[in-house]
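See below for the structure under consideration.
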Amino acid sequence: MPDGRHHHSRRGQRMDHFDPSELTQAFEQLMRTKRFNRLQEQSRSRSRTQSPAPMSPSPYNTPPHPSRAPPPPPTAAQSPTPSTPQPSSRSPLWGLPIVPAPPQDSASLKFRNLLHVLSVTPTKYENPGLLDEALALIPLDRLYSEAEEESQIFQAQAASVRGKAEWGYQDCVIRALLRWFKRSFFQFVNNPPCNRCFMPTIAQGMTPPTPDETARGATRVELYRCSEPTCGAPERFPRYSDVWQLLQTRRGRVGEWANCFSMFCRALGGRVRWVWNSEDYVWTEVYSEHQRRWVHVDACEDAWDQPRLYAEGWGRKMSYCVAFSIEGATDVTRRYVRSPAKHGAPRNRAPEEVLVWVIQEIRKKRRDNLGKTDLKRLTKEDDREERELRAYTTSALAAELNNILPRHSSSRLDEQKRQEAETEFLTTRRAGQSGPDRSSDGQ
Ligand SMILES: [Zn+2]
């Protein structure tokens, strides 16, 4: 790894042929200097009893400029005495190596337990009876012929530019499933209509599940009352997490959508991940053999491969996005939060070292029964994905650098234009959609 001198020797050069690692280092150096200057200013103006900025549990909470907040330096100037839970100074978002460490404080243990509980969700799909029942509900002929047609279009498009088709047949099958699921199968429910007169209902809060609802997998039940004064009938909305039950009810919010749709992908033979976001949202990832990577799919939004939808499209701030599959778990936050400075929420549930440790623990548990060949394949896949995720960080850093260093005015403008166009696309896209339900628990 070169030292800071390379940074200076490159200063006058164009950005076109940058070396990612050098760029990262240059950026870190820049941020370190900035932070150092800021600290000096603070220590001059503040009394020594007050904590300096790095003591804040959230490095993202105290940006010098809210509009374009640079990230904190990953290692420099961190106080050694933070309170628990201890947010790590090393974030995987910045691509630095992390040495896994077991959870020790109670917050870390709690986070570990939560991740283990969540990790069970996709294992429930591995039930031949369930998958058969799901398959029987899918209009297979229709989806396969739609997929055939679409994949031929992709091939024709590719042939016209002598390139590779963007998506393969299997991807097109999932795309057809996505359309059918959203348009014909599953229903989005905010307030369920009255059972008796079909008029809208008004939320009354939560109510305990009946033994029957409990038996069918509902741990929470929302209570509503018919808005029609002459009726006024109560309406229960049990939140089922059991996929069998969802095949019957076919309605819900984001949680039910993502759970049921992920299972359907599995039924069609896809490799699937159920992605949990700590800010109360969930979605699906499907493995594309054609592109050799995990593809973001949001059934609620009819969104295919739009990982930037949440952060850049909706302006959501996210701290953790963890993908669970029958083969383990992966921290996929970097795929969804390209700019932690702008869209990252504080990752303070446990030190980063603990998160890595827990993810390894879940992987080990899920892969326990696999043979050597499969294990090797999965490890290779993990490495490839890690490179993919790291590349997102690198290009985000490049964009930040372009914005900070004034001499690249033309390329900065281009990048700005491109980002604006993309954000506009995502935002427009959002306008006509149902969106996550923020009025109550979205899951
Ligand atoms: Zn009614």
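Starting from 1 in every chain, residues are counted up; chains themselves are A, B, ... following the order of the structure tokens, and ligands are numbered from 1 as listed.
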Considering only C-alpha atoms and all ligand atoms, give me a table of residues in chain A that are at most 12 Å from ligand 1, with the closest atom pair and distance in Å for each, as JSON lines.
```
{"residue": "A:Pro192", "atom": "CA", "partner": "ligand 1", "partner_atom_place_in_ligand_line": "1 (Zn)", "distance": 10.9}
{"residue": "A:Pro193", "atom": "CA", "partner": "ligand 1", "partner_atom_place_in_ligand_line": "1 (Zn)", "distance": 7.9}
{"residue": "A:Cys194", "atom": "CA", "partner": "ligand 1", "partner_atom_place_in_ligand_line": "1 (Zn)", "distance": 4.6}
{"residue": "A:Asn195", "atom": "CA", "partner": "ligand 1", "partner_atom_place_in_ligand_line": "1 (Zn)", "distance": 6.5}
{"residue": "A:Arg196", "atom": "CA", "partner": "ligand 1", "partner_atom_place_in_ligand_line": "1 (Zn)", "distance": 5.0}
{"residue": "A:Cys197", "atom": "CA", "partner": "ligand 1", "partner_atom_place_in_ligand_line": "1 (Zn)", "distance": 4.1}
{"residue": "A:Phe198", "atom": "CA", "partner": "ligand 1", "partner_atom_place_in_ligand_line": "1 (Zn)", "distance": 5.9}
{"residue": "A:Met199", "atom": "CA", "partner": "ligand 1", "partner_atom_place_in_ligand_line": "1 (Zn)", "distance": 5.4}
{"residue": "A:Pro200", "atom": "CA", "partner": "ligand 1", "partner_atom_place_in_ligand_line": "1 (Zn)", "distance": 7.6}
{"residue": "A:Thr201", "atom": "CA", "partner": "ligand 1", "partner_atom_place_in_ligand_line": "1 (Zn)", "distance": 7.6}
{"residue": "A:Ile202", "atom": "CA", "partner": "ligand 1", "partner_atom_place_in_ligand_line": "1 (Zn)", "distance": 10.6}
{"residue": "A:Tyr224", "atom": "CA", "partner": "ligand 1", "partner_atom_place_in_ligand_line": "1 (Zn)", "distance": 10.4}
{"residue": "A:Arg225", "atom": "CA", "partner": "ligand 1", "partner_atom_place_in_ligand_line": "1 (Zn)", "distance": 7.8}
{"residue": "A:Cys226", "atom": "CA", "partner": "ligand 1", "partner_atom_place_in_ligand_line": "1 (Zn)", "distance": 4.5}
{"residue": "A:Ser227", "atom": "CA", "partner": "ligand 1", "partner_atom_place_in_ligand_line": "1 (Zn)", "distance": 6.8}
{"residue": "A:Glu228", "atom": "CA", "partner": "ligand 1", "partner_atom_place_in_ligand_line": "1 (Zn)", "distance": 5.7}
{"residue": "A:Pro229", "atom": "CA", "partner": "ligand 1", "partner_atom_place_in_ligand_line": "1 (Zn)", "distance": 8.2}
{"residue": "A:Thr230", "atom": "CA", "partner": "ligand 1", "partner_atom_place_in_ligand_line": "1 (Zn)", "distance": 7.8}
{"residue": "A:Cys231", "atom": "CA", "partner": "ligand 1", "partner_atom_place_in_ligand_line": "1 (Zn)", "distance": 4.6}
{"residue": "A:Gly232", "atom": "CA", "partner": "ligand 1", "partner_atom_place_in_ligand_line": "1 (Zn)", "distance": 5.6}
{"residue": "A:Ala233", "atom": "CA", "partner": "ligand 1", "partner_atom_place_in_ligand_line": "1 (Zn)", "distance": 5.3}
{"residue": "A:Pro234", "atom": "CA", "partner": "ligand 1", "partner_atom_place_in_ligand_line": "1 (Zn)", "distance": 8.0}
{"residue": "A:Glu235", "atom": "CA", "partner": "ligand 1", "partner_atom_place_in_ligand_line": "1 (Zn)", "distance": 8.6}
```
- Message: Env of Tyr287 of chain A: 7 Å cut, atoms = only C-alpha atoms, seq-sep filter 5 positions within chain, self excluded. Answer as an NGL selection string.
- Response: :A and (270-272 or 293-295)
Take the residues from that selection and write them out as a CSV table (one decimal), in the first residue's frame, keeping N, CA and C atoms.
```csv
chain,number,residue,atom,x,y,z
A,270,GLY,N,-35.5,-20.6,-7.6
A,270,GLY,CA,-34.5,-19.6,-7.5
A,270,GLY,C,-33.8,-19.7,-6.2
A,271,ARG,N,-32.5,-19.2,-6.2
A,271,ARG,CA,-31.8,-19.0,-4.9
A,271,ARG,C,-32.3,-17.7,-4.3
A,272,VAL,N,-32.7,-17.7,-3.1
A,272,VAL,CA,-33.3,-16.5,-2.6
A,272,VAL,C,-32.8,-16.0,-1.3
A,293,ARG,N,-24.6,-12.6,-9.7
A,293,ARG,CA,-24.7,-11.7,-8.5
A,293,ARG,C,-26.1,-11.7,-8.0
A,294,TRP,N,-26.2,-11.2,-6.7
A,294,TRP,CA,-27.5,-11.1,-6.1
A,294,TRP,C,-28.3,-9.9,-6.6
A,295,VAL,N,-29.5,-10.0,-6.9
A,295,VAL,CA,-30.3,-8.9,-7.5
A,295,VAL,C,-31.4,-8.5,-6.5
```
- Please provide the set of residues having any atom within 8 Å of Ala176 of chain A, restricted to only C-alpha atoms, with same-chain residues fewer than 2 positions apart removed, written as a PyMOL selection string. chain A and resi 143-144+146-147+172-174+178-180
Would you save the residues from that selection as a PDB file, in the first residue's frame, using C-alpha atoms?
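Final output, saved to result04.pdb:
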```
ATOM      1  CA  LEU A 143     -45.158 -16.983 -16.523  1.00  0.00           C
ATOM      2  CA  TYR A 144     -42.886 -19.277 -18.534  1.00  0.00           C
ATOM      3  CA  GLU A 146     -43.828 -14.372 -20.687  1.00  0.00           C
ATOM      4  CA  ALA A 147     -40.292 -15.140 -19.561  1.00  0.00           C
ATOM      5  CA  CYS A 172     -37.111 -13.299 -16.699  1.00  0.00           C
ATOM      6  CA  VAL A 173     -39.084 -16.033 -14.909  1.00  0.00           C
ATOM      7  CA  ILE A 174     -38.662 -14.172 -11.629  1.00  0.00           C
ATOM      8  CA  LEU A 178     -42.952 -10.345  -9.727  1.00  0.00           C
ATOM      9  CA  ARG A 179     -45.520  -8.821 -12.103  1.00  0.00           C
ATOM     10  CA  TRP A 180     -48.071 -11.549 -11.435  1.00  0.00           C
TER      11      TRP A 180
END
```
- Message: Quick one: residues within 10 Å of Val332 of chain A, only C-alpha atoms, excluding same-chain residues fewer than 6 positions away - as a VMD selection string?
- Response: chain A and resid 93 275 to 277 294 320 to 324 385 to 386 389
Grab the residues selected above and save them as a tab-separated table (two decimals), in the first residue's frame with N, CA and C atoms.
```tsv
chain	number	residue	atom	x	y	z
A	93	LEU	N	-18.38	-0.18	5.69
A	93	LEU	CA	-18.77	0.72	4.62
A	93	LEU	C	-17.55	1.39	4.01
A	275	VAL	N	-34.16	-10.06	2.88
A	275	VAL	CA	-33.30	-8.98	3.37
A	275	VAL	C	-34.02	-8.16	4.43
A	276	TRP	N	-33.38	-8.05	5.56
A	276	TRP	CA	-33.93	-7.29	6.69
A	276	TRP	C	-33.19	-5.97	6.82
A	277	ASN	N	-33.98	-4.90	6.94
A	277	ASN	CA	-33.39	-3.59	7.19
A	277	ASN	C	-33.81	-3.13	8.58
A	294	TRP	N	-26.23	-11.19	-6.74
A	294	TRP	CA	-27.53	-11.10	-6.10
A	294	TRP	C	-28.25	-9.86	-6.58
A	320	TYR	N	-28.51	-0.82	8.97
A	320	TYR	CA	-28.13	-2.20	8.65
A	320	TYR	C	-29.09	-2.80	7.61
A	321	CYS	N	-28.56	-3.44	6.60
A	321	CYS	CA	-29.34	-4.28	5.69
A	321	CYS	C	-28.64	-5.63	5.69
A	322	VAL	N	-29.30	-6.63	6.24
A	322	VAL	CA	-28.67	-7.95	6.33
A	322	VAL	C	-29.51	-8.96	5.56
A	323	ALA	N	-28.85	-9.68	4.66
A	323	ALA	CA	-29.54	-10.66	3.83
A	323	ALA	C	-29.38	-12.05	4.44
A	324	PHE	N	-30.50	-12.76	4.55
A	324	PHE	CA	-30.47	-14.11	5.11
A	324	PHE	C	-30.92	-15.12	4.05
A	385	GLU	N	-18.80	-11.28	-3.94
A	385	GLU	CA	-19.76	-10.27	-3.49
A	385	GLU	C	-19.06	-9.18	-2.69
A	386	GLU	N	-18.09	-9.58	-1.88
A	386	GLU	CA	-17.34	-8.59	-1.11
A	386	GLU	C	-16.66	-7.59	-2.05
A	389	LEU	N	-19.34	-5.25	-3.37
A	389	LEU	CA	-19.76	-4.26	-2.38
A	389	LEU	C	-18.68	-3.21	-2.17
```
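For Gly269 of chain A, the residues within 12 Å (counting only C-alpha atoms, excluding itself and residues fewer than 3 positions away along the chain) are Tyr125, Glu126, Pro128, Leu131, Asp132, Ala134, Leu135, Gln170, Asp171, Val173, Ile174, Leu177, Ser262, Met263, Phe264, Cys265, Arg266, Val272, Val286, Tyr287, Ser288 and Glu289 of chain A.
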- Message: From the options A:Leu118, A:Ala218, A:Ala101, A:Leu268, which residue's atoms come nearest to Leu137 of chain A, counting only C-alpha atoms?
- Response: A:Leu268
- Residue nearest Thr394 of chain A among A:Lys380, A:Pro340, A:Leu309, A:Gln155 (counting only C-alpha atoms): A:Pro340
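Atom CA of Ala303 of chain A sits 22.3 Å away from atom CA of Ala158 of chain A.
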- Task: Would you return as an MDAnalysis selection string the members of segment 163-284 of chain A that DSSP assigns to strand (DSSP E or B) on this structure's backbone?
- Result: chainID A and resid 187:188 201:207 218:226 234:240 251:252 272:277 281:284
Dump of C-alpha atoms for the selected residues, as a CSV table (one decimal), in the first residue's frame:
```
chain,number,residue,atom,x,y,z
A,187,GLN,CA,-53.0,-7.4,-1.8
A,188,PHE,CA,-51.6,-4.4,0.0
A,201,THR,CA,-62.3,0.9,9.0
A,202,ILE,CA,-60.5,3.0,11.6
A,203,ALA,CA,-57.5,1.7,13.6
A,204,GLN,CA,-58.2,0.9,17.3
A,205,GLY,CA,-54.7,-0.3,18.3
A,206,MET,CA,-53.4,-3.7,19.0
A,207,THR,CA,-55.3,-6.6,20.6
A,218,ALA,CA,-49.9,-14.5,14.3
A,219,THR,CA,-48.0,-12.9,17.1
A,220,ARG,CA,-49.6,-9.5,16.8
A,221,VAL,CA,-53.2,-8.6,15.9
A,222,GLU,CA,-54.3,-5.1,14.9
A,223,LEU,CA,-57.9,-4.1,15.8
A,224,TYR,CA,-60.0,-1.9,13.5
A,225,ARG,CA,-63.6,-0.6,13.7
A,226,CYS,CA,-66.0,0.0,10.8
A,234,PRO,CA,-64.9,-4.7,14.7
A,235,GLU,CA,-62.3,-6.0,12.3
A,236,ARG,CA,-59.2,-7.9,13.2
A,237,PHE,CA,-56.0,-7.9,11.2
A,238,PRO,CA,-53.7,-10.6,12.3
A,239,ARG,CA,-50.1,-10.1,11.2
A,240,TYR,CA,-49.1,-13.5,10.0
A,251,ARG,CA,-52.7,-9.8,2.0
A,252,GLY,CA,-50.6,-7.6,4.2
A,272,VAL,CA,-33.3,-16.5,-2.6
A,273,ARG,CA,-32.5,-14.1,0.2
A,274,TRP,CA,-34.8,-12.4,2.6
A,275,VAL,CA,-33.3,-9.0,3.4
A,276,TRP,CA,-33.9,-7.3,6.7
A,277,ASN,CA,-33.4,-3.6,7.2
A,281,TYR,CA,-38.3,-2.6,6.0
A,282,VAL,CA,-37.8,-5.9,4.2
A,283,TRP,CA,-37.3,-7.1,0.7
A,284,THR,CA,-36.0,-9.9,-1.4
```
- Task: Could you give me, as a PyMOL selection string, the residues within 8 Å of Gly328 of chain A, counting only C-alpha atoms and dropping anything in the same chain fewer than 3 positions from it?
- Result: chain A and resi 119+324-325+359+362-367
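Summary of the local environment: counting only C-alpha atoms, residues at most 8 Å from Arg335 of chain A, other than itself and those fewer than 4 positions away along its chain, are Pro307, Arg308, Leu389 and Tyr392 of chain A.
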- Message: My list of candidates is A:Phe185, A:Val297, A:Glu381, A:Thr214. Which is closest to Leu246 of chain A when distances are computed with only C-alpha atoms?
- Response: A:Phe185
- Just give me the gap between atom CA of Phe186 of chain A and atom CA of Arg250 of chain A in Å, one decimal is fine. 4.9 Å
- Task: Name the residues of segment 147-326 of chain A that fall into helix (DSSP H, G or I) according to DSSP on the backbone, using the chain letters and numbers of this document, as a PyMOL selection string.
- Result: chain A and resi 147-160+169-185+211-215+243-249+254-267+309-313
